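J.: Just one file: upload.cif, with mmCIF, C-alpha atoms.
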```
data_work
loop_
_atom_site.group_PDB
_atom_site.id
_atom_site.type_symbol
_atom_site.label_atom_id
_atom_site.label_comp_id
_atom_site.auth_asym_id
_atom_site.auth_seq_id
_atom_site.Cartn_x
_atom_site.Cartn_y
_atom_site.Cartn_z
ATOM 1 C CA LYS A 1 15.646 -18.707 2.227
ATOM 2 C CA ALA A 2 12.561 -18.076 0.080
ATOM 3 C CA GLY A 3 12.612 -14.958 -2.080
ATOM 4 C CA VAL A 4 9.924 -12.392 -2.691
ATOM 5 C CA THR A 5 6.794 -14.069 -4.032
ATOM 6 C CA GLN A 6 4.311 -12.239 -6.203
ATOM 7 C CA THR A 7 0.981 -13.596 -7.346
ATOM 8 C CA PRO A 8 -0.411 -13.913 -9.876
ATOM 9 C CA ARG A 9 2.404 -13.876 -12.481
ATOM 10 C CA TYR A 10 0.135 -12.854 -15.336
ATOM 11 C CA LEU A 11 -3.219 -11.140 -15.428
ATOM 12 C CA ILE A 12 -5.512 -9.892 -18.181
ATOM 13 C CA LYS A 13 -8.236 -7.448 -17.237
ATOM 14 C CA THR A 14 -10.748 -5.273 -19.050
ATOM 15 C CA ARG A 15 -10.835 -1.486 -18.871
ATOM 16 C CA GLY A 16 -12.867 -0.298 -15.920
ATOM 17 C CA GLN A 17 -12.274 -3.407 -13.825
ATOM 18 C CA GLN A 18 -10.220 -3.488 -10.673
ATOM 19 C CA VAL A 19 -7.326 -5.745 -9.754
ATOM 20 C CA THR A 20 -5.505 -6.829 -6.604
ATOM 21 C CA LEU A 21 -1.903 -8.006 -6.658
ATOM 22 C CA SER A 22 -0.205 -9.817 -3.814
ATOM 23 C CA CYS A 23 3.340 -9.825 -2.494
ATOM 24 C CA SER A 24 4.960 -11.973 0.192
ATOM 25 C CA PRO A 25 8.311 -10.491 1.259
ATOM 26 C CA ILE A 26 11.376 -12.352 2.440
ATOM 27 C CA SER A 27 10.833 -13.627 5.959
ATOM 28 C CA GLY A 28 11.893 -10.977 8.453
ATOM 29 C CA HIS A 29 11.736 -8.095 5.981
ATOM 30 C CA ARG A 30 9.341 -5.424 7.180
ATOM 31 C CA SER A 31 9.667 -2.965 4.310
ATOM 32 C CA VAL A 32 7.748 -3.651 1.113
ATOM 33 C CA SER A 33 7.765 -1.366 -1.918
ATOM 34 C CA TRP A 34 5.835 -1.480 -5.160
ATOM 35 C CA TYR A 35 6.998 -0.344 -8.581
ATOM 36 C CA GLN A 36 5.443 -0.098 -12.000
ATOM 37 C CA GLN A 37 7.774 -0.938 -14.874
ATOM 38 C CA THR A 38 7.060 0.009 -18.480
ATOM 39 C CA PRO A 39 9.415 0.126 -21.486
ATOM 40 C CA GLY A 40 9.111 3.870 -21.868
ATOM 41 C CA GLN A 41 9.186 5.010 -18.238
ATOM 42 C CA GLY A 42 11.334 2.380 -16.559
ATOM 43 C CA LEU A 43 10.720 1.720 -12.865
ATOM 44 C CA GLN A 44 8.230 4.105 -11.312
ATOM 45 C CA PHE A 45 7.835 4.096 -7.545
ATOM 46 C CA LEU A 46 4.300 3.504 -6.315
ATOM 47 C CA PHE A 47 4.540 3.233 -2.537
ATOM 48 C CA GLU A 48 6.461 1.782 0.367
ATOM 49 C CA TYR A 49 5.064 0.140 3.466
ATOM 50 C CA PHE A 50 6.832 -0.504 6.716
ATOM 51 C CA SER A 51 5.178 -2.258 9.642
ATOM 52 C CA GLU A 52 1.713 -1.799 8.112
ATOM 53 C CA THR A 53 2.179 1.956 7.586
ATOM 54 C CA GLN A 54 2.652 3.690 4.256
ATOM 55 C CA ARG A 55 6.003 5.425 4.522
ATOM 56 C CA ASN A 56 6.404 6.897 1.044
ATOM 57 C CA LYS A 57 4.149 7.395 -1.928
ATOM 58 C CA GLY A 58 4.984 8.037 -5.548
ATOM 59 C CA ASN A 59 3.209 10.260 -8.012
ATOM 60 C CA PHE A 60 0.341 7.999 -9.043
ATOM 61 C CA PRO A 61 -3.405 8.718 -9.030
ATOM 62 C CA GLY A 62 -5.600 7.616 -6.158
ATOM 63 C CA ARG A 63 -6.765 4.610 -8.197
ATOM 64 C CA PHE A 64 -3.558 2.960 -7.037
ATOM 65 C CA SER A 65 -3.637 1.908 -3.420
ATOM 66 C CA GLY A 66 -1.945 -0.595 -1.202
ATOM 67 C CA ARG A 67 -1.781 -2.049 2.233
ATOM 68 C CA GLN A 68 0.439 -4.195 4.377
ATOM 69 C CA PHE A 69 -0.642 -6.822 6.847
ATOM 70 C CA SER A 70 0.808 -7.681 10.227
ATOM 71 C CA ASN A 71 2.778 -10.570 8.689
ATOM 72 C CA SER A 72 4.383 -8.043 6.268
ATOM 73 C CA ARG A 73 2.532 -9.427 3.263
ATOM 74 C CA SER A 74 1.335 -6.637 1.025
ATOM 75 C CA GLU A 75 -1.344 -6.080 -1.562
ATOM 76 C CA MET A 76 -1.796 -3.370 -4.123
ATOM 77 C CA ASN A 77 -5.077 -2.527 -5.746
ATOM 78 C CA VAL A 78 -5.795 -0.665 -8.950
ATOM 79 C CA SER A 79 -9.373 0.422 -9.534
ATOM 80 C CA THR A 80 -11.038 1.548 -12.762
ATOM 81 C CA LEU A 81 -8.284 0.111 -14.913
ATOM 82 C CA GLU A 82 -7.058 2.034 -17.937
ATOM 83 C CA LEU A 83 -5.130 0.760 -20.955
ATOM 84 C CA GLY A 84 -2.090 2.699 -19.734
ATOM 85 C CA ASP A 85 -1.989 0.637 -16.567
ATOM 86 C CA SER A 86 -0.627 -2.305 -18.557
ATOM 87 C CA ALA A 87 2.794 -2.921 -17.072
ATOM 88 C CA LEU A 88 4.981 -5.185 -15.016
ATOM 89 C CA TYR A 89 4.279 -4.556 -11.325
ATOM 90 C CA LEU A 90 7.203 -5.356 -9.107
ATOM 91 C CA CYS A 91 7.287 -5.799 -5.387
ATOM 92 C CA ALA A 92 10.523 -5.464 -3.448
ATOM 93 C CA SER A 93 11.332 -6.148 0.167
ATOM 94 C CA ARG A 94 14.175 -4.792 2.236
ATOM 95 C CA GLY A 95 15.753 -5.859 5.489
ATOM 96 C CA THR A 96 18.275 -3.877 7.473
ATOM 97 C CA ASN A 97 20.601 -3.019 4.594
ATOM 98 C CA TYR A 98 19.742 -0.723 1.726
ATOM 99 C CA GLY A 99 19.445 -3.246 -1.069
ATOM 100 C CA TYR A 100 16.076 -4.307 -2.389
ATOM 101 C CA THR A 101 15.185 -7.877 -3.241
ATOM 102 C CA PHE A 102 12.643 -7.922 -6.024
ATOM 103 C CA GLY A 103 10.030 -10.474 -6.891
ATOM 104 C CA SER A 104 9.529 -11.657 -10.467
ATOM 105 C CA GLY A 105 6.579 -9.339 -10.893
ATOM 106 C CA THR A 106 2.989 -9.514 -12.046
ATOM 107 C CA ARG A 107 2.483 -8.705 -15.701
ATOM 108 C CA LEU A 108 -0.853 -6.917 -16.034
ATOM 109 C CA THR A 109 -2.460 -6.462 -19.424
ATOM 110 C CA VAL A 110 -5.511 -4.233 -19.705
ATOM 111 C CA VAL A 111 -7.614 -4.729 -22.824
ATOM 112 C CA GLN B 112 15.087 16.928 -15.599
ATOM 113 C CA LYS B 113 14.993 13.379 -14.310
ATOM 114 C CA GLU B 114 16.773 12.634 -11.047
ATOM 115 C CA VAL B 115 18.734 9.807 -12.678
ATOM 116 C CA GLU B 116 19.707 9.583 -16.333
ATOM 117 C CA GLN B 117 20.841 6.392 -18.005
ATOM 118 C CA ASP B 118 21.508 5.706 -21.675
ATOM 119 C CA PRO B 119 18.976 3.029 -22.703
ATOM 120 C CA GLY B 120 21.230 1.562 -25.386
ATOM 121 C CA PRO B 121 20.869 -1.036 -26.717
ATOM 122 C CA LEU B 122 24.489 -2.010 -26.331
ATOM 123 C CA SER B 123 25.893 -4.965 -28.259
ATOM 124 C CA VAL B 124 29.428 -6.275 -27.663
ATOM 125 C CA PRO B 125 31.426 -9.382 -28.586
ATOM 126 C CA GLU B 126 32.163 -11.977 -25.930
ATOM 127 C CA GLY B 127 35.241 -11.070 -23.894
ATOM 128 C CA ALA B 128 34.850 -7.310 -24.328
ATOM 129 C CA ILE B 129 34.924 -4.815 -21.486
ATOM 130 C CA VAL B 130 31.539 -3.193 -20.997
ATOM 131 C CA SER B 131 31.012 0.240 -19.490
ATOM 132 C CA LEU B 132 27.565 1.254 -18.261
ATOM 133 C CA ASN B 133 26.928 4.723 -16.884
ATOM 134 C CA CYS B 134 24.437 6.880 -15.042
ATOM 135 C CA THR B 135 24.391 10.529 -14.121
ATOM 136 C CA TYR B 136 22.333 12.104 -11.388
ATOM 137 C CA SER B 137 21.336 15.561 -10.300
ATOM 138 C CA ASN B 138 20.704 15.281 -6.552
ATOM 139 C CA SER B 139 23.880 15.642 -4.510
ATOM 140 C CA ALA B 140 22.056 14.127 -1.490
ATOM 141 C CA PHE B 141 22.280 10.640 -2.973
ATOM 142 C CA GLN B 142 24.526 8.544 -0.765
ATOM 143 C CA TYR B 143 24.031 4.894 -1.701
ATOM 144 C CA PHE B 144 24.464 3.622 -5.215
ATOM 145 C CA MET B 145 23.436 0.289 -6.637
ATOM 146 C CA TRP B 146 23.442 -1.644 -9.860
ATOM 147 C CA TYR B 147 20.739 -4.162 -10.656
ATOM 148 C CA ARG B 148 20.618 -6.734 -13.434
ATOM 149 C CA GLN B 149 17.289 -7.747 -14.929
ATOM 150 C CA TYR B 150 16.842 -10.744 -17.167
ATOM 151 C CA SER B 151 13.800 -10.992 -19.415
ATOM 152 C CA ARG B 152 10.613 -11.894 -17.518
ATOM 153 C CA LYS B 153 12.377 -11.579 -14.165
ATOM 154 C CA GLY B 154 12.602 -8.964 -11.468
ATOM 155 C CA PRO B 155 15.812 -6.950 -11.017
ATOM 156 C CA GLU B 156 18.532 -8.565 -8.875
ATOM 157 C CA LEU B 157 21.082 -6.604 -6.892
ATOM 158 C CA LEU B 158 24.590 -6.806 -8.397
ATOM 159 C CA MET B 159 26.635 -4.174 -6.639
ATOM 160 C CA TYR B 160 26.111 -1.776 -3.776
ATOM 161 C CA THR B 161 28.437 1.123 -2.918
ATOM 162 C CA TYR B 162 28.566 4.013 -0.541
ATOM 163 C CA SER B 163 30.700 7.107 -1.199
ATOM 164 C CA SER B 164 33.065 7.799 -4.039
ATOM 165 C CA GLY B 165 35.585 5.256 -5.229
ATOM 166 C CA ASN B 166 35.686 1.786 -6.727
ATOM 167 C CA LYS B 167 34.281 -1.502 -5.561
ATOM 168 C CA GLU B 168 35.175 -4.761 -7.223
ATOM 169 C CA ASP B 169 33.329 -8.088 -7.207
ATOM 170 C CA GLY B 170 34.682 -10.695 -9.585
ATOM 171 C CA ARG B 171 34.325 -9.414 -13.137
ATOM 172 C CA PHE B 172 32.263 -6.425 -12.002
ATOM 173 C CA THR B 173 33.575 -3.048 -10.830
ATOM 174 C CA ALA B 174 31.324 -0.250 -9.620
ATOM 175 C CA GLN B 175 32.698 3.270 -9.662
ATOM 176 C CA VAL B 176 31.210 6.357 -8.052
ATOM 177 C CA ASP B 177 32.351 9.918 -8.692
ATOM 178 C CA LYS B 178 30.275 12.161 -6.441
ATOM 179 C CA SER B 179 31.998 15.345 -7.583
ATOM 180 C CA SER B 180 30.806 14.690 -11.143
ATOM 181 C CA LYS B 181 27.548 12.996 -10.071
ATOM 182 C CA TYR B 182 28.458 10.054 -12.232
ATOM 183 C CA ILE B 183 28.448 6.315 -11.583
ATOM 184 C CA SER B 184 29.683 3.457 -13.724
ATOM 185 C CA LEU B 185 29.576 -0.302 -13.862
ATOM 186 C CA PHE B 186 32.373 -2.112 -15.691
ATOM 187 C CA ILE B 187 32.082 -5.733 -16.764
ATOM 188 C CA ARG B 188 35.352 -7.453 -17.686
ATOM 189 C CA ASP B 189 35.551 -10.513 -19.930
ATOM 190 C CA SER B 190 31.842 -10.202 -20.765
ATOM 191 C CA GLN B 191 29.913 -13.435 -21.261
ATOM 192 C CA PRO B 192 26.682 -14.195 -23.161
ATOM 193 C CA SER B 193 25.096 -14.832 -19.750
ATOM 194 C CA ASP B 194 25.678 -11.134 -18.975
ATOM 195 C CA SER B 195 23.067 -10.245 -21.613
ATOM 196 C CA ALA B 196 20.383 -8.420 -19.650
ATOM 197 C CA THR B 197 19.137 -4.975 -18.775
ATOM 198 C CA TYR B 198 21.245 -3.135 -16.209
ATOM 199 C CA LEU B 199 19.639 -0.539 -13.968
ATOM 200 C CA CYS B 200 21.390 1.935 -11.761
ATOM 201 C CA ALA B 201 19.688 2.984 -8.553
ATOM 202 C CA MET B 202 20.424 5.445 -5.807
ATOM 203 C CA ILE B 203 19.007 6.514 -2.504
ATOM 204 C CA HIS B 204 19.373 9.365 -0.062
ATOM 205 C CA THR B 205 18.322 9.596 3.545
ATOM 206 C CA GLY B 206 14.689 9.930 2.504
ATOM 207 C CA ASN B 207 14.741 6.179 1.845
ATOM 208 C CA GLN B 208 13.172 6.430 -1.571
ATOM 209 C CA PHE B 209 14.953 4.718 -4.423
ATOM 210 C CA TYR B 210 15.527 6.387 -7.756
ATOM 211 C CA PHE B 211 16.183 4.158 -10.728
ATOM 212 C CA GLY B 212 17.626 4.771 -14.143
ATOM 213 C CA THR B 213 15.567 3.525 -17.064
ATOM 214 C CA GLY B 214 18.039 0.707 -17.732
ATOM 215 C CA THR B 215 20.577 -0.155 -20.427
ATOM 216 C CA SER B 216 19.949 -3.237 -22.533
ATOM 217 C CA LEU B 217 23.153 -5.251 -23.070
ATOM 218 C CA THR B 218 23.688 -8.118 -25.505
ATOM 219 C CA VAL B 219 26.954 -10.080 -25.471
ATOM 220 C CA ILE B 220 27.450 -11.894 -28.751
ATOM 221 C CA PRO B 221 29.242 -15.284 -28.613
#
```
Output the structure of this file as structure tokens.
T.:
Amino acid sequence: KAGVTQTPRYLIKTRGQQVTLSCSPISGHRSVSWYQQTPGQGLQFLFEYFSETQRNKGNFPGRFSGRQFSNSRSEMNVSTLELGDSALYLCASRGTNYGYTFGSGTRLTVV
Amino acid sequence: QKEVEQDPGPLSVPEGAIVSLNCTYSNSAFQYFMWYRQYSRKGPELLMYTYSSGNKEDGRFTAQVDKSSKYISLFIRDSQPSDSATYLCAMIHTGNQFYFGTGTSLTVIP
């Protein structure tokens, strides 16, 4: 069974640019969540999607947005990038139990 | 106050030692408790999952939950160098949102 796939693995962007990250969940998983991970703050919840609807949202500015498609694949977008947005962005999918399965993440560096 | 507090370490132990990792939490509504292990450059992977107070054992790993004290622990027996990673506690209540600790970095020295 394939795991959670995130693309790209690494990304370098300039301040002010925008970026789109992609996540393909485990087949059959309808819930997809996004997290930002930094050394100082740990895992910070961004948002959760279930059946194309945003179910929960964390405390991030409106520059961070996401969506989920009918095949459960999800994308997150960050506009007007800031240096502080440099982080590991993790996607996690969940089936019927409570445990998340995480992808390996996209490491975003903003210069 | 953060919802979940976890000592970041780092923790360094000799091979074969018993390791104790801990988290405290403030929200008594948390019902499900998990421990994740994260190797460098990888996403977290689920290690243990428990519901309600008590102990749960899986091989060398034991998860313990004390709801009255709002305290959870992960014990690793006979620690191995391959256990070197960051360990994150996580918990969830009926609102479906996960709350993670900041992680404890563990190094097991051969």
J.: Need the shell around A:Ser27: protein/DNA/RNA residues with any atom at most 9 Å away, counting only C-alpha atoms. Skip same-chain ones fewer than 3 positions apart. Format as a count of residues only?
T.: 7
J.: On this structure, the PyMOL selection byres ((chain A and resi 49-52) around 8) would catch which residues? List them as an mmCIF file with C-alpha atoms, in the frame of the given file, sorted by chain and number.
T.:
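Below is the file selection.cif, written as the result:
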```cif
data_model
loop_
_atom_site.group_PDB
_atom_site.id
_atom_site.type_symbol
_atom_site.label_atom_id
_atom_site.label_comp_id
_atom_site.auth_asym_id
_atom_site.auth_seq_id
_atom_site.Cartn_x
_atom_site.Cartn_y
_atom_site.Cartn_z
ATOM 1 C CA ARG A 30 9.341 -5.424 7.180
ATOM 2 C CA SER A 31 9.667 -2.965 4.310
ATOM 3 C CA VAL A 32 7.748 -3.651 1.113
ATOM 4 C CA SER A 33 7.765 -1.366 -1.918
ATOM 5 C CA PHE A 47 4.540 3.233 -2.537
ATOM 6 C CA GLU A 48 6.461 1.782 0.367
ATOM 7 C CA THR A 53 2.179 1.956 7.586
ATOM 8 C CA GLN A 54 2.652 3.690 4.256
ATOM 9 C CA ARG A 55 6.003 5.425 4.522
ATOM 10 C CA ASN A 56 6.404 6.897 1.044
ATOM 11 C CA ARG A 67 -1.781 -2.049 2.233
ATOM 12 C CA GLN A 68 0.439 -4.195 4.377
ATOM 13 C CA PHE A 69 -0.642 -6.822 6.847
ATOM 14 C CA SER A 70 0.808 -7.681 10.227
ATOM 15 C CA SER A 72 4.383 -8.043 6.268
#
```
J.: Written as a ChimeraX atom specification, which residues does the PyMOL selection byres ((chain B) within 12 of (chain A)) give for the file shown?
T.: /B:113,115-119,142-162,197-216
J.: I'd like the neighbourhood of B:Ile183 as a list in words, where a residue qualifies if any of its atoms comes within 6 Å (using all atoms listed in the file), though same-chain residues fewer than 3 positions away should be ignored.
T.: Asn133, Cys134, Gln175 and Val176 of chain B
J.: Can I get the selected residues back with C-alpha atoms, as a PDB file, keeping the file's coordinate frame?
T.:
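Saved the output as result18.pdb:
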```pdb
ATOM      1  CA  ASN B 133      26.928   4.723 -16.884  1.00  0.00           C
ATOM      2  CA  CYS B 134      24.437   6.880 -15.042  1.00  0.00           C
ATOM      3  CA  GLN B 175      32.698   3.270  -9.662  1.00  0.00           C
ATOM      4  CA  VAL B 176      31.210   6.357  -8.052  1.00  0.00           C
TER       5      VAL B 176
END
```
J.: Have a look at A:Pro61, A:Ser93, A:Val78, A:Ala87 and name the one nearest to A:Cys23; count only C-alpha atoms.
T.: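 Of A:Pro61, A:Ser93, A:Val78, A:Ala87, the one nearest A:Cys23, counting only C-alpha atoms, is A:Ser93.
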J.: Provide the atom CA of A:Ile12 to atom CA of A:Glu82 distance in Å, to one decimal place.
T.: 12.0 Å
J.: Take every atom of stretch 83-97 of chain A listed in the file, fit an axis-aligned box around them, add 5 Å per side, and give the centre and edge lengths in Å to one decimal as JSON.
T.:
```
{"center_x": 7.7, "center_y": -1.7, "center_z": -6.7, "size_x": 35.7, "size_y": 18.8, "size_z": 38.4}
```
J.: Pick out the closest residue to B:Val219 from this set: B:Glu114, B:Gly120, B:Ala128, B:Tyr182. Count only C-alpha atoms.
T.: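 Of the candidates, the smallest distance to B:Val219 is held by B:Ala128.
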J.: Could you tell me, as a VMD selection string, which residues have any atom at most 8 Å from (32.8, -6.1, -25.0), counting only C-alpha atoms?
T.: chain B and resid 123 to 130 188 to 190 219
J.: Using all atoms listed in the file, which of B:Thr218, B:Ser131, B:Ser193, B:Asn138 sits nearest B:Phe172?
T.: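 Using all atoms listed in the file, B:Phe172 sits closest to B:Ser131.
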J.: Would you kindly translate the PyMOL selection byres ((chain A and resi 110) around 12) into the concrete residues it picks from this file, as number ranges by chain?
T.: A: 10-19, 78-88, 107-109, 111
J.: One decimal, Å: what's the distance from atom CA of B:Phe186 over to atom CA of B:Ser164, could you say?
T.: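 These two atoms are separated by 15.3 Å.
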J.: Provide the atom CA of A:Trp34 to atom CA of A:Ser74 distance in Å, to one decimal place.
T.: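 We find that atom CA of A:Trp34 and atom CA of A:Ser74 lie 9.2 Å from each other.
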J.: Using all atoms listed in the file, which residue out of A:Asn59, A:Asn97, A:Thr7, A:Asn71 lies closest to A:Tyr35?
T.: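 Distance minimum relative to A:Tyr35 lands on A:Asn59.
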J.: Looking at A:Thr20, A:Phe60, A:His29, A:Arg94, which one is nearest to A:Asn77, with distances taken over all atoms listed in the file?
T.: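 Checking each of A:Thr20, A:Phe60, A:His29, A:Arg94 against A:Asn77, counting all atoms listed in the file, the winner is A:Thr20.
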J.: Please complete stretch 175-191 of chain B with N, CA, C and O atoms and give it back as a PDB file, keeping the file's coordinate frame.
T.:
```pdb
ATOM      1  N   GLN B 175      31.916   2.055  -9.893  1.00  0.00           N
ATOM      2  CA  GLN B 175      32.698   3.270  -9.662  1.00  0.00           C
ATOM      3  C   GLN B 175      31.732   4.416  -9.392  1.00  0.00           C
ATOM      4  O   GLN B 175      30.723   4.575 -10.090  1.00  0.00           O
ATOM      5  N   VAL B 176      32.039   5.206  -8.389  1.00  0.00           N
ATOM      6  CA  VAL B 176      31.210   6.357  -8.052  1.00  0.00           C
ATOM      7  C   VAL B 176      32.084   7.599  -8.014  1.00  0.00           C
ATOM      8  O   VAL B 176      33.125   7.617  -7.356  1.00  0.00           O
ATOM      9  N   ASP B 177      31.669   8.629  -8.721  1.00  0.00           N
ATOM     10  CA  ASP B 177      32.351   9.918  -8.692  1.00  0.00           C
ATOM     11  C   ASP B 177      31.320  10.950  -8.252  1.00  0.00           C
ATOM     12  O   ASP B 177      30.566  11.479  -9.067  1.00  0.00           O
ATOM     13  N   LYS B 178      31.294  11.245  -6.966  1.00  0.00           N
ATOM     14  CA  LYS B 178      30.275  12.161  -6.441  1.00  0.00           C
ATOM     15  C   LYS B 178      30.501  13.582  -6.919  1.00  0.00           C
ATOM     16  O   LYS B 178      29.550  14.348  -7.087  1.00  0.00           O
ATOM     17  N   SER B 179      31.735  13.972  -7.148  1.00  0.00           N
ATOM     18  CA  SER B 179      31.998  15.345  -7.583  1.00  0.00           C
ATOM     19  C   SER B 179      31.406  15.604  -8.965  1.00  0.00           C
ATOM     20  O   SER B 179      30.938  16.692  -9.267  1.00  0.00           O
ATOM     21  N   SER B 180      31.379  14.570  -9.801  1.00  0.00           N
ATOM     22  CA  SER B 180      30.806  14.690 -11.143  1.00  0.00           C
ATOM     23  C   SER B 180      29.374  14.159 -11.213  1.00  0.00           C
ATOM     24  O   SER B 180      28.751  14.235 -12.273  1.00  0.00           O
ATOM     25  N   LYS B 181      28.884  13.602 -10.114  1.00  0.00           N
ATOM     26  CA  LYS B 181      27.548  12.996 -10.071  1.00  0.00           C
ATOM     27  C   LYS B 181      27.416  11.960 -11.180  1.00  0.00           C
ATOM     28  O   LYS B 181      26.489  12.015 -12.021  1.00  0.00           O
ATOM     29  N   TYR B 182      28.324  11.009 -11.134  1.00  0.00           N
ATOM     30  CA  TYR B 182      28.458  10.054 -12.232  1.00  0.00           C
ATOM     31  C   TYR B 182      28.816   8.704 -11.630  1.00  0.00           C
ATOM     32  O   TYR B 182      29.715   8.615 -10.797  1.00  0.00           O
ATOM     33  N   ILE B 183      28.084   7.657 -12.034  1.00  0.00           N
ATOM     34  CA  ILE B 183      28.448   6.315 -11.583  1.00  0.00           C
ATOM     35  C   ILE B 183      28.578   5.394 -12.784  1.00  0.00           C
ATOM     36  O   ILE B 183      27.931   5.616 -13.820  1.00  0.00           O
ATOM     37  N   SER B 184      29.420   4.392 -12.631  1.00  0.00           N
ATOM     38  CA  SER B 184      29.683   3.457 -13.724  1.00  0.00           C
ATOM     39  C   SER B 184      29.718   2.026 -13.219  1.00  0.00           C
ATOM     40  O   SER B 184      30.032   1.780 -12.047  1.00  0.00           O
ATOM     41  N   LEU B 185      29.399   1.127 -14.114  1.00  0.00           N
ATOM     42  CA  LEU B 185      29.576  -0.302 -13.862  1.00  0.00           C
ATOM     43  C   LEU B 185      30.409  -0.850 -15.016  1.00  0.00           C
ATOM     44  O   LEU B 185      30.044  -0.659 -16.187  1.00  0.00           O
ATOM     45  N   PHE B 186      31.528  -1.496 -14.677  1.00  0.00           N
ATOM     46  CA  PHE B 186      32.373  -2.112 -15.691  1.00  0.00           C
ATOM     47  C   PHE B 186      32.254  -3.639 -15.575  1.00  0.00           C
ATOM     48  O   PHE B 186      32.280  -4.181 -14.468  1.00  0.00           O
ATOM     49  N   ILE B 187      32.113  -4.268 -16.715  1.00  0.00           N
ATOM     50  CA  ILE B 187      32.082  -5.733 -16.764  1.00  0.00           C
ATOM     51  C   ILE B 187      33.277  -6.181 -17.604  1.00  0.00           C
ATOM     52  O   ILE B 187      33.372  -5.833 -18.788  1.00  0.00           O
ATOM     53  N   ARG B 188      34.172  -6.929 -16.957  1.00  0.00           N
ATOM     54  CA  ARG B 188      35.352  -7.453 -17.686  1.00  0.00           C
ATOM     55  C   ARG B 188      35.029  -8.824 -18.241  1.00  0.00           C
ATOM     56  O   ARG B 188      34.190  -9.556 -17.687  1.00  0.00           O
ATOM     57  N   ASP B 189      35.712  -9.183 -19.342  1.00  0.00           N
ATOM     58  CA  ASP B 189      35.551 -10.513 -19.930  1.00  0.00           C
ATOM     59  C   ASP B 189      34.059 -10.864 -20.047  1.00  0.00           C
ATOM     60  O   ASP B 189      33.587 -11.883 -19.503  1.00  0.00           O
ATOM     61  N   SER B 190      33.303 -10.033 -20.705  1.00  0.00           N
ATOM     62  CA  SER B 190      31.842 -10.202 -20.765  1.00  0.00           C
ATOM     63  C   SER B 190      31.479 -11.560 -21.385  1.00  0.00           C
ATOM     64  O   SER B 190      32.153 -12.066 -22.289  1.00  0.00           O
ATOM     65  N   GLN B 191      30.403 -12.117 -20.857  1.00  0.00           N
ATOM     66  CA  GLN B 191      29.913 -13.435 -21.261  1.00  0.00           C
ATOM     67  C   GLN B 191      28.492 -13.312 -21.812  1.00  0.00           C
ATOM     68  O   GLN B 191      27.755 -12.400 -21.429  1.00  0.00           O
TER      69      GLN B 191
END
```
